[in-house]
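Student: Sharing query.cif below, mmCIF, C-alpha atoms, pLDDT in the B column; chains and numbers go by the auth columns:
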data_query
#
loop_
_atom_site.group_PDB
_atom_site.id
_atom_site.type_symbol
_atom_site.label_atom_id
_atom_site.label_comp_id
_atom_site.label_asym_id
_atom_site.label_seq_id
_atom_site.Cartn_x
_atom_site.Cartn_y
_atom_site.Cartn_z
_atom_site.B_iso_or_equiv
_atom_site.auth_seq_id
_atom_site.auth_asym_id
ATOM 1 C CA MET A 1 -79.350 -18.782 -97.060 71.00 19 X
ATOM 2 C CA ASN A 2 -80.304 -22.433 -96.898 76.00 20 X
ATOM 3 C CA LEU A 3 -76.957 -24.262 -97.280 84.00 21 X
ATOM 4 C CA ASN A 4 -76.572 -27.743 -95.835 87.00 22 X
ATOM 5 C CA ASP A 5 -73.316 -29.388 -94.755 89.00 23 X
ATOM 6 C CA ASN A 6 -72.829 -31.043 -98.160 88.00 24 X
ATOM 7 C CA ASN A 7 -73.178 -27.698 -99.935 89.00 25 X
ATOM 8 C CA LYS A 8 -70.597 -26.142 -97.608 91.00 26 X
ATOM 9 C CA LEU A 9 -68.259 -29.114 -98.039 91.00 27 X
ATOM 10 C CA HIS A 10 -68.308 -28.868 -101.832 92.00 28 X
ATOM 11 C CA LEU A 11 -67.978 -25.082 -101.716 93.00 29 X
ATOM 12 C CA SER A 12 -64.888 -25.474 -99.572 93.00 30 X
ATOM 13 C CA TYR A 13 -63.126 -26.893 -102.637 93.00 31 X
ATOM 14 C CA LEU A 14 -63.582 -23.545 -104.350 93.00 32 X
ATOM 15 C CA ILE A 15 -61.936 -21.748 -101.431 93.00 33 X
ATOM 16 C CA GLU A 16 -58.723 -23.602 -102.257 92.00 34 X
ATOM 17 C CA GLN A 17 -58.740 -22.399 -105.883 92.00 35 X
ATOM 18 C CA ASP A 18 -57.349 -19.195 -107.375 92.00 36 X
ATOM 19 C CA GLU A 19 -59.486 -16.574 -109.117 93.00 37 X
ATOM 20 C CA VAL A 20 -58.866 -17.990 -112.619 93.00 38 X
ATOM 21 C CA VAL A 21 -60.183 -21.440 -111.671 93.00 39 X
ATOM 22 C CA LEU A 22 -63.067 -19.871 -109.768 94.00 40 X
ATOM 23 C CA THR A 23 -64.014 -17.856 -112.853 94.00 41 X
ATOM 24 C CA ASP A 24 -64.055 -21.095 -114.862 93.00 42 X
ATOM 25 C CA PHE A 25 -66.355 -22.638 -112.260 94.00 43 X
ATOM 26 C CA CYS A 26 -68.697 -19.655 -112.608 94.00 44 X
ATOM 27 C CA LYS A 27 -68.865 -20.348 -116.356 93.00 45 X
ATOM 28 C CA LEU A 28 -69.564 -24.024 -115.677 94.00 46 X
ATOM 29 C CA ALA A 29 -72.285 -23.063 -113.195 92.00 47 X
ATOM 30 C CA TRP A 30 -73.970 -20.810 -115.744 91.00 48 X
ATOM 31 C CA ASP A 31 -73.762 -23.578 -118.358 90.00 49 X
ATOM 32 C CA TYR A 32 -75.417 -25.901 -115.811 89.00 50 X
ATOM 33 C CA ILE A 33 -78.248 -23.401 -115.208 86.00 51 X
ATOM 34 C CA VAL A 34 -78.865 -22.856 -118.921 84.00 52 X
ATOM 35 C CA LYS A 35 -78.243 -26.325 -120.381 84.00 53 X
ATOM 36 C CA GLY A 36 -78.207 -28.761 -117.456 85.00 54 X
ATOM 37 C CA VAL A 37 -75.641 -31.465 -116.744 86.00 55 X
ATOM 38 C CA ASN A 38 -72.857 -31.838 -119.329 88.00 56 X
ATOM 39 C CA PRO A 39 -70.874 -35.042 -118.541 87.00 57 X
ATOM 40 C CA LYS A 40 -68.500 -34.634 -121.506 89.00 58 X
ATOM 41 C CA LEU A 41 -67.524 -31.129 -120.426 90.00 59 X
ATOM 42 C CA TYR A 42 -67.115 -32.228 -116.797 90.00 60 X
ATOM 43 C CA SER A 43 -64.874 -35.115 -117.806 90.00 61 X
ATOM 44 C CA THR A 44 -62.509 -32.780 -119.650 90.00 62 X
ATOM 45 C CA ALA A 45 -62.490 -30.167 -116.874 90.00 63 X
ATOM 46 C CA SER A 46 -62.046 -32.715 -114.096 90.00 64 X
ATOM 47 C CA ASP A 47 -58.955 -34.169 -115.807 89.00 65 X
ATOM 48 C CA LYS A 48 -57.338 -30.728 -115.777 88.00 66 X
ATOM 49 C CA LEU A 49 -58.184 -30.213 -112.089 88.00 67 X
ATOM 50 C CA GLY A 50 -57.197 -33.709 -110.975 89.00 68 X
ATOM 51 C CA ILE A 51 -60.583 -34.637 -109.487 90.00 69 X
ATOM 52 C CA THR A 52 -63.348 -36.995 -110.571 92.00 70 X
ATOM 53 C CA SER A 53 -66.082 -35.738 -112.864 90.00 71 X
ATOM 54 C CA GLN A 54 -68.631 -36.604 -110.163 91.00 72 X
ATOM 55 C CA ASP A 55 -66.815 -34.443 -107.591 92.00 73 X
ATOM 56 C CA LEU A 56 -66.633 -31.653 -110.156 93.00 74 X
ATOM 57 C CA GLN A 57 -70.376 -31.866 -110.741 93.00 75 X
ATOM 58 C CA HIS A 58 -71.014 -31.720 -106.979 93.00 76 X
ATOM 59 C CA VAL A 59 -68.937 -28.540 -106.714 94.00 77 X
ATOM 60 C CA ILE A 60 -70.783 -26.980 -109.661 94.00 78 X
ATOM 61 C CA GLU A 61 -74.158 -27.902 -108.159 93.00 79 X
ATOM 62 C CA ALA A 62 -73.119 -26.420 -104.807 93.00 80 X
ATOM 63 C CA LEU A 63 -72.124 -23.172 -106.527 94.00 81 X
ATOM 64 C CA VAL A 64 -75.401 -23.123 -108.477 92.00 82 X
ATOM 65 C CA HIS A 65 -77.313 -23.719 -105.253 92.00 83 X
ATOM 66 C CA LEU A 66 -75.456 -20.830 -103.597 93.00 84 X
ATOM 67 C CA ILE A 67 -76.285 -18.406 -106.413 92.00 85 X
ATOM 68 C CA VAL A 68 -79.905 -19.558 -106.736 89.00 86 X
ATOM 69 C CA GLU A 69 -80.477 -19.261 -102.980 90.00 87 X
ATOM 70 C CA ALA A 70 -79.072 -15.739 -103.065 91.00 88 X
ATOM 71 C CA CYS A 71 -81.490 -14.870 -105.883 89.00 89 X
ATOM 72 C CA LYS A 72 -84.445 -16.458 -104.087 87.00 90 X
ATOM 73 C CA ASN A 73 -83.665 -14.410 -100.980 89.00 91 X
ATOM 74 C CA LYS A 74 -83.167 -11.269 -103.106 89.00 92 X
ATOM 75 C CA LEU A 75 -79.793 -10.581 -101.537 91.00 93 X
ATOM 76 C CA THR A 76 -78.111 -7.311 -102.376 92.00 94 X
ATOM 77 C CA SER A 77 -74.484 -7.431 -103.518 91.00 95 X
ATOM 78 C CA ALA A 78 -73.404 -6.294 -100.051 93.00 96 X
ATOM 79 C CA LYS A 79 -75.401 -9.047 -98.295 93.00 97 X
ATOM 80 C CA PHE A 80 -74.135 -11.646 -100.742 93.00 98 X
ATOM 81 C CA LYS A 81 -70.548 -10.594 -100.018 94.00 99 X
ATOM 82 C CA GLU A 82 -71.234 -10.934 -96.291 94.00 100 X
ATOM 83 C CA CYS A 83 -72.452 -14.511 -96.818 92.00 101 X
ATOM 84 C CA LEU A 84 -69.322 -15.334 -98.821 94.00 102 X
ATOM 85 C CA LEU A 85 -67.172 -13.878 -96.069 93.00 103 X
ATOM 86 C CA VAL A 86 -68.885 -16.140 -93.532 93.00 104 X
ATOM 87 C CA LEU A 87 -68.113 -19.100 -95.817 93.00 105 X
ATOM 88 C CA LYS A 88 -64.424 -18.005 -95.615 93.00 106 X
ATOM 89 C CA PHE A 89 -63.854 -16.994 -99.210 94.00 107 X
ATOM 90 C CA THR A 90 -60.985 -14.584 -99.752 94.00 108 X
ATOM 91 C CA GLU A 91 -61.453 -10.978 -100.835 94.00 109 X
ATOM 92 C CA LYS A 92 -60.437 -11.735 -104.417 94.00 110 X
ATOM 93 C CA GLN A 93 -62.697 -14.779 -104.568 95.00 111 X
ATOM 94 C CA ILE A 94 -65.582 -12.733 -103.177 94.00 112 X
ATOM 95 C CA PHE A 95 -65.035 -10.190 -105.945 95.00 113 X
ATOM 96 C CA VAL A 96 -65.224 -12.925 -108.635 95.00 114 X
ATOM 97 C CA LEU A 97 -68.358 -14.521 -107.181 95.00 115 X
ATOM 98 C CA SER A 98 -70.138 -11.225 -106.496 94.00 116 X
ATOM 99 C CA GLU A 99 -69.461 -10.058 -110.061 95.00 117 X
ATOM 100 C CA PHE A 100 -70.891 -13.324 -111.374 94.00 118 X
ATOM 101 C CA TYR A 101 -73.930 -12.904 -109.110 93.00 119 X
ATOM 102 C CA ARG A 102 -74.441 -9.305 -110.214 92.00 120 X
ATOM 103 C CA ALA A 103 -74.134 -10.167 -113.916 92.00 121 X
ATOM 104 C CA LYS A 104 -76.489 -13.164 -113.844 89.00 122 X
ATOM 105 C CA GLN A 105 -78.974 -12.215 -111.122 88.00 123 X
ATOM 106 C CA ILE A 106 -81.683 -10.925 -113.470 88.00 124 X
ATOM 107 C CA ASP A 107 -81.355 -13.907 -115.841 87.00 125 X
ATOM 108 C CA ILE A 108 -81.540 -16.382 -112.952 84.00 126 X
ATOM 109 C CA ASN A 109 -84.567 -14.615 -111.460 82.00 127 X
ATOM 110 C CA ASN A 110 -86.311 -14.807 -114.837 81.00 128 X
ATOM 111 C CA THR A 111 -85.487 -18.526 -115.062 74.00 129 X
ATOM 112 C CA LEU A 112 -86.869 -19.105 -111.567 71.00 130 X
ATOM 113 C CA LEU A 113 -90.022 -17.160 -112.441 66.00 131 X
ATOM 114 C CA VAL A 114 -90.651 -19.205 -115.579 60.00 132 X
ATOM 115 C CA GLY A 115 -90.073 -22.426 -113.664 53.00 133 X
ATOM 116 C CA SER A 116 -92.523 -21.424 -110.926 49.00 134 X
ATOM 117 C CA VAL A 117 -95.387 -20.582 -113.304 45.00 135 X
ATOM 118 C CA CYS A 118 -97.329 -23.614 -114.506 52.00 136 X
ATOM 119 C CA LEU A 119 -98.811 -22.397 -117.778 55.00 137 X
ATOM 120 C CA PRO A 120 -101.324 -24.392 -119.825 66.00 138 X
ATOM 121 C CA MET A 121 -99.689 -26.349 -122.639 70.00 139 X
ATOM 122 C CA PHE A 122 -101.254 -27.128 -126.022 71.00 140 X
ATOM 123 C CA LYS A 123 -102.129 -30.795 -126.445 78.00 141 X
ATOM 124 C CA SER A 124 -104.471 -31.100 -129.426 83.00 142 X
ATOM 125 C CA LEU A 125 -107.128 -29.301 -131.442 79.00 143 X
ATOM 126 C CA GLU A 126 -110.254 -30.768 -133.011 86.00 144 X
ATOM 127 C CA TRP A 127 -112.529 -28.685 -135.205 80.00 145 X
ATOM 128 C CA ARG A 128 -115.784 -28.918 -137.124 85.00 146 X
ATOM 129 C CA LEU A 129 -117.331 -26.519 -139.620 81.00 147 X
ATOM 130 C CA GLN A 130 -120.967 -25.633 -139.195 79.00 148 X
ATOM 131 C CA ALA A 131 -123.327 -23.127 -140.794 74.00 149 X
ATOM 132 C CA VAL A 132 -126.687 -21.522 -140.302 68.00 150 X
ATOM 133 C CA ILE A 133 -128.379 -21.539 -143.725 69.00 151 X
ATOM 134 C CA GLY A 134 -131.071 -18.871 -144.028 61.00 152 X
ATOM 135 C CA SER A 135 -134.089 -17.991 -141.963 63.00 153 X
ATOM 136 C CA ARG A 136 -137.594 -16.610 -142.635 66.00 154 X
ATOM 137 C CA ALA A 137 -136.288 -13.055 -142.299 63.00 155 X
ATOM 138 C CA LEU A 138 -133.095 -13.629 -144.285 59.00 156 X
ATOM 139 C CA PRO A 139 -133.626 -16.582 -146.636 59.00 157 X
ATOM 140 C CA GLN A 140 -130.328 -15.993 -148.448 59.00 158 X
ATOM 141 C CA GLN A 141 -128.263 -15.774 -145.269 65.00 159 X
ATOM 142 C CA LEU A 142 -125.291 -18.104 -144.745 68.00 160 X
ATOM 143 C CA GLU A 143 -123.373 -17.906 -141.461 73.00 161 X
ATOM 144 C CA PRO A 144 -120.388 -20.263 -141.430 79.00 162 X
ATOM 145 C CA SER A 145 -118.524 -20.877 -138.175 82.00 163 X
ATOM 146 C CA ALA A 146 -116.078 -23.326 -136.705 82.00 164 X
ATOM 147 C CA LEU A 147 -116.589 -25.317 -133.522 84.00 165 X
ATOM 148 C CA LEU A 148 -113.194 -25.834 -131.874 82.00 166 X
ATOM 149 C CA LYS A 149 -112.278 -28.274 -129.133 85.00 167 X
ATOM 150 C CA LEU A 150 -108.971 -27.193 -127.593 80.00 168 X
ATOM 151 C CA SER A 151 -107.243 -29.700 -125.319 84.00 169 X
ATOM 152 C CA LEU A 152 -104.673 -28.349 -122.838 78.00 170 X
ATOM 153 C CA GLU A 153 -102.336 -29.815 -120.262 74.00 171 X
ATOM 154 C CA ASN A 154 -101.705 -28.276 -116.812 64.00 172 X
ATOM 155 C CA ARG A 155 -105.227 -26.837 -116.740 64.00 173 X
ATOM 156 C CA GLU A 156 -108.588 -27.801 -115.333 67.00 174 X
ATOM 157 C CA PRO A 157 -110.838 -28.388 -117.180 69.00 175 X
ATOM 158 C CA GLY A 158 -108.542 -29.769 -119.828 73.00 176 X
ATOM 159 C CA ASN A 159 -110.943 -29.213 -122.748 82.00 177 X
ATOM 160 C CA ILE A 160 -112.275 -25.864 -123.957 82.00 178 X
ATOM 161 C CA LEU A 161 -115.058 -25.489 -126.535 84.00 179 X
ATOM 162 C CA LEU A 162 -114.934 -22.378 -128.717 81.00 180 X
ATOM 163 C CA THR A 163 -117.007 -21.050 -131.580 84.00 181 X
ATOM 164 C CA ALA A 164 -115.289 -18.808 -134.117 82.00 182 X
ATOM 165 C CA GLY A 165 -116.717 -16.999 -137.120 82.00 183 X
ATOM 166 C CA PRO A 166 -114.796 -16.051 -140.283 82.00 184 X
ATOM 167 C CA CYS A 167 -113.446 -12.793 -138.812 85.00 185 X
ATOM 168 C CA GLU A 168 -112.195 -14.487 -135.655 84.00 186 X
ATOM 169 C CA LEU A 169 -110.576 -17.289 -137.667 81.00 187 X
ATOM 170 C CA VAL A 170 -108.774 -14.758 -139.862 85.00 188 X
ATOM 171 C CA ALA A 171 -107.553 -12.870 -136.771 86.00 189 X
ATOM 172 C CA VAL A 172 -106.333 -16.076 -135.092 79.00 190 X
ATOM 173 C CA THR A 173 -104.596 -17.205 -138.288 83.00 191 X
ATOM 174 C CA GLU A 174 -102.825 -13.862 -138.680 87.00 192 X
ATOM 175 C CA ALA A 175 -101.727 -13.889 -135.010 84.00 193 X
ATOM 176 C CA LEU A 176 -100.357 -17.436 -135.287 78.00 194 X
ATOM 177 C CA GLU A 177 -98.558 -16.688 -138.550 86.00 195 X
ATOM 178 C CA GLY A 178 -97.036 -13.546 -137.002 84.00 196 X
ATOM 179 C CA ALA A 179 -95.849 -15.521 -133.966 78.00 197 X
ATOM 180 C CA LEU A 180 -94.358 -18.174 -136.255 79.00 198 X
ATOM 181 C CA ARG A 181 -92.518 -15.540 -138.303 82.00 199 X
ATOM 182 C CA GLU A 182 -91.156 -13.931 -135.117 78.00 200 X
ATOM 183 C CA ALA A 183 -90.011 -17.286 -133.709 72.00 201 X
ATOM 184 C CA THR A 184 -88.345 -18.169 -137.016 74.00 202 X
ATOM 185 C CA ALA A 185 -86.636 -14.767 -137.156 69.00 203 X
ATOM 186 C CA GLN A 186 -85.333 -15.123 -133.577 60.00 204 X
ATOM 187 C CA HIS A 187 -84.006 -18.598 -134.376 48.00 205 X
ATOM 188 C CA ALA A 188 -82.312 -17.246 -137.501 47.00 206 X
ATOM 189 C CA ARG A 189 -80.722 -14.421 -135.482 52.00 207 X
ATOM 190 C CA ARG A 190 -79.412 -16.890 -132.871 50.00 208 X
ATOM 191 C CA VAL A 191 -77.910 -19.087 -135.600 42.00 209 X
ATOM 192 C CA SER A 192 -76.443 -16.023 -137.305 47.00 210 X
ATOM 193 C CA ARG A 193 -74.814 -14.827 -134.084 50.00 211 X
ATOM 194 C CA ARG A 194 -73.465 -18.303 -133.404 46.00 212 X
ATOM 195 C CA PHE A 195 -71.674 -18.611 -136.733 40.00 213 X
ATOM 196 C CA CYS A 196 -71.171 -14.896 -137.470 49.00 214 X
ATOM 197 C CA PRO A 197 -70.565 -13.128 -134.113 49.00 215 X
ATOM 198 C CA SER A 198 -70.426 -9.717 -135.826 49.00 216 X
ATOM 199 C CA ALA A 199 -73.971 -10.110 -137.205 48.00 217 X
ATOM 200 C CA PRO A 200 -76.609 -7.713 -135.706 51.00 218 X
#
Show this structure as structure tokens.
Tutor:
Amino acid sequence: MNLNDNNKLHLSYLIEQDEVVLTDFCKLAWDYIVKGVNPKLYSTASDKLGITSQDLQHVIEALVHLIVEACKNKLTSAKFKECLLVLKFTEKQIFVLSEFYRAKQIDINNTLLVGSVCLPMFKSLEWRLQAVIGSRALPQQLEPSALLKLSLENREPGNILLTAGPCELVAVTEALEGALREATAQHARRVSRRFCPSAP
């Protein structure tokens, strides 16, 4: 794994800690991966440990780097344990860290995958209604359609021109409404679990 001297120096602080403190650092590392830096949390934790909040953050970042590097290199649990042994962690500490790695490996890999894929992002949408009104063959014909200009970020070209008839517009509307309902339902479930842990 790619660990520089600073990473190893900050990880050496963890070697001096017992399994309970190391477990807390694993929780802090996961919070860092999911939510980013949390100065308020670090200030409280650093007071309990007797170190500065900046030093605490460095240790957390070193632990995150260790776990992420292991995921990038697709290390098995056995290989990860070997790396920890080289870093001079104890057997009990290796158990704590390997269990954390095993439990979060899939989630971290998914996070890395999302971060590595640069998907187009919606920027704006302009539209104009147009219609073909009759012809010699079909004088009563009326064909409405919409001309759409979709602007995206992270994509070349950035603008896409689309033409959609009534059926396509209905299908797009239904798909968007379904996605909105699903997103709203997922948000409601997350809120429900947060305040009512027993909720399904």
Student: Take the PyMOL selection byres ((chain X and resi 77-79) around 9), run it mentally on this structure, and tell me the resulting residues as number ranges by chain.
Tutor: X: 25, 27-32, 43-44, 46-47, 50, 72-76, 80-84
Student: Which residues would end up in the selection if the PyMOL selection byres ((chain X and resi 183-195) around 9) were applied here, given that I need the answer as a ChimeraX atom specification?
Tutor: /X:161-164,181-182,196-200
Student: Have a look at CA of Lys45 (chain X) and CA of Phe118 (chain X) and let me know their distance in Å, one decimal.
Tutor: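 Going from CA of Lys45 (chain X) over to CA of Phe118 (chain X), I get 8.8 Å.
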Student: Quick one: pull the distance between CA of Leu165 (chain X) and CA of Ser142 (chain X), Å, one decimal.
Tutor: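 If I compute the distance from CA of Leu165 (chain X) to CA of Ser142 (chain X), I get 14.0 Å.
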Student: Residue by residue, what does the PyMOL selection byres ((chain X and resi 99-111) around 9) grab here? Present the result as a list in words.
Tutor: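 This file, filtered by the PyMOL selection byres ((chain X and resi 99-111) around 9), leaves Met19, Lys26, Leu29, Ser30, Leu32, Ile33, Glu34, Gln35, Asp36, Glu37, Leu40, Thr41, Thr94, Ser95, Ala96, Lys97, Phe98, Ile112, Phe113, Val114, Leu115 and Ser116 of chain X.
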Student: Please indicate the distance in Å from CA of Leu130 (chain X) to CA of Leu170 (chain X), rounded to one decimal place.
Tutor: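 Computed distance, CA of Leu130 (chain X) to CA of Leu170 (chain X), equals 23.0 Å.
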Student: Around all of region 45-49 of chain X's listed atoms, make the axis-aligned box with 5 Å on each side and tell me centre and edge lengths in Å to one decimal, as JSON.
Tutor:
{"center_x": -71.4, "center_y": -22.2, "center_z": -115.8, "size_x": 15.1, "size_y": 13.7, "size_z": 15.2}
Student: So that I can check the surroundings of Leu180 (chain X), please list as a ChimeraX atom specification every protein, DNA and RNA residue that reaches within 8 Å of it, counting only C-alpha atoms and ignoring chain neighbours fewer than 4 positions away.
Tutor: /X:165-168
Student: Could I see region 41-52 of chain X restored to all heavy atoms, set down as a short mmCIF file (atom, residue, chain, number, x, y, z; two decimals), keeping the file's coordinate frame?
Tutor:
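What follows is the written file out_8.cif:
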data_model
loop_
_atom_site.label_atom_id
_atom_site.label_comp_id
_atom_site.auth_asym_id
_atom_site.auth_seq_id
_atom_site.Cartn_x
_atom_site.Cartn_y
_atom_site.Cartn_z
N THR X 41 -63.30 -18.44 -111.71
CA THR X 41 -64.01 -17.86 -112.85
C THR X 41 -64.50 -18.95 -113.80
O THR X 41 -65.62 -18.89 -114.32
CB THR X 41 -63.10 -16.88 -113.62
OG1 THR X 41 -62.69 -15.83 -112.74
CG2 THR X 41 -63.82 -16.28 -114.82
N ASP X 42 -63.65 -19.97 -114.02
CA ASP X 42 -64.06 -21.10 -114.86
C ASP X 42 -65.24 -21.84 -114.25
O ASP X 42 -66.14 -22.29 -114.97
CB ASP X 42 -62.88 -22.06 -115.07
CG ASP X 42 -61.80 -21.47 -115.97
OD1 ASP X 42 -62.12 -20.56 -116.75
OD2 ASP X 42 -60.64 -21.93 -115.88
N PHE X 43 -65.23 -21.97 -112.93
CA PHE X 43 -66.36 -22.64 -112.26
C PHE X 43 -67.64 -21.83 -112.40
O PHE X 43 -68.73 -22.39 -112.51
CB PHE X 43 -66.04 -22.89 -110.78
CG PHE X 43 -65.45 -24.24 -110.51
CD1 PHE X 43 -64.08 -24.40 -110.37
CD2 PHE X 43 -66.26 -25.37 -110.43
CE1 PHE X 43 -63.53 -25.65 -110.13
CE2 PHE X 43 -65.72 -26.62 -110.19
CZ PHE X 43 -64.35 -26.77 -110.05
N CYS X 44 -67.52 -20.51 -112.39
CA CYS X 44 -68.70 -19.66 -112.61
C CYS X 44 -69.28 -19.90 -114.00
O CYS X 44 -70.51 -19.97 -114.17
CB CYS X 44 -68.32 -18.19 -112.44
SG CYS X 44 -67.98 -17.70 -110.72
N LYS X 45 -68.41 -20.06 -114.99
CA LYS X 45 -68.86 -20.35 -116.36
C LYS X 45 -69.55 -21.71 -116.42
O LYS X 45 -70.58 -21.88 -117.08
CB LYS X 45 -67.69 -20.30 -117.33
CG LYS X 45 -67.08 -18.90 -117.49
CD LYS X 45 -65.84 -18.95 -118.38
CE LYS X 45 -65.21 -17.57 -118.51
NZ LYS X 45 -63.95 -17.60 -119.30
N LEU X 46 -68.97 -22.69 -115.72
CA LEU X 46 -69.56 -24.02 -115.68
C LEU X 46 -70.93 -23.99 -114.98
O LEU X 46 -71.86 -24.70 -115.37
CB LEU X 46 -68.63 -25.00 -114.96
CG LEU X 46 -67.34 -25.39 -115.70
CD1 LEU X 46 -66.40 -26.14 -114.77
CD2 LEU X 46 -67.66 -26.23 -116.92
N ALA X 47 -71.02 -23.18 -113.93
CA ALA X 47 -72.28 -23.06 -113.20
C ALA X 47 -73.36 -22.45 -114.08
O ALA X 47 -74.52 -22.90 -114.07
CB ALA X 47 -72.08 -22.21 -111.94
N TRP X 48 -72.99 -21.43 -114.85
CA TRP X 48 -73.97 -20.81 -115.74
C TRP X 48 -74.39 -21.78 -116.84
O TRP X 48 -75.57 -21.85 -117.20
CB TRP X 48 -73.40 -19.54 -116.35
CG TRP X 48 -74.35 -18.87 -117.29
CD1 TRP X 48 -74.19 -18.64 -118.62
CD2 TRP X 48 -75.64 -18.34 -116.96
NE1 TRP X 48 -75.29 -18.01 -119.14
CE2 TRP X 48 -76.21 -17.82 -118.15
CE3 TRP X 48 -76.38 -18.27 -115.78
CZ2 TRP X 48 -77.47 -17.24 -118.19
CZ3 TRP X 48 -77.65 -17.68 -115.82
CH2 TRP X 48 -78.17 -17.18 -117.01
N ASP X 49 -73.44 -22.56 -117.36
CA ASP X 49 -73.76 -23.58 -118.36
C ASP X 49 -74.74 -24.60 -117.77
O ASP X 49 -75.66 -25.06 -118.45
CB ASP X 49 -72.47 -24.26 -118.82
CG ASP X 49 -72.72 -25.26 -119.95
OD1 ASP X 49 -72.81 -24.82 -121.10
OD2 ASP X 49 -72.84 -26.47 -119.66
N TYR X 50 -74.54 -24.95 -116.51
CA TYR X 50 -75.42 -25.90 -115.81
C TYR X 50 -76.83 -25.33 -115.71
O TYR X 50 -77.82 -26.02 -115.95
CB TYR X 50 -74.85 -26.19 -114.42
CG TYR X 50 -75.65 -27.17 -113.59
CD1 TYR X 50 -75.27 -28.51 -113.52
CD2 TYR X 50 -76.76 -26.76 -112.87
CE1 TYR X 50 -75.99 -29.41 -112.74
CE2 TYR X 50 -77.50 -27.65 -112.11
CZ TYR X 50 -77.10 -28.98 -112.05
OH TYR X 50 -77.83 -29.87 -111.29
N ILE X 51 -76.94 -24.05 -115.36
CA ILE X 51 -78.25 -23.40 -115.21
C ILE X 51 -78.98 -23.35 -116.54
O ILE X 51 -80.18 -23.61 -116.62
CB ILE X 51 -78.08 -21.97 -114.64
CG1 ILE X 51 -77.59 -22.05 -113.19
CG2 ILE X 51 -79.39 -21.20 -114.71
CD1 ILE X 51 -77.18 -20.72 -112.60
N VAL X 52 -78.25 -23.04 -117.60
CA VAL X 52 -78.86 -22.86 -118.92
C VAL X 52 -79.13 -24.18 -119.62
O VAL X 52 -80.20 -24.39 -120.20
CB VAL X 52 -77.98 -21.96 -119.81
CG1 VAL X 52 -78.53 -21.87 -121.22
CG2 VAL X 52 -77.84 -20.57 -119.20
#
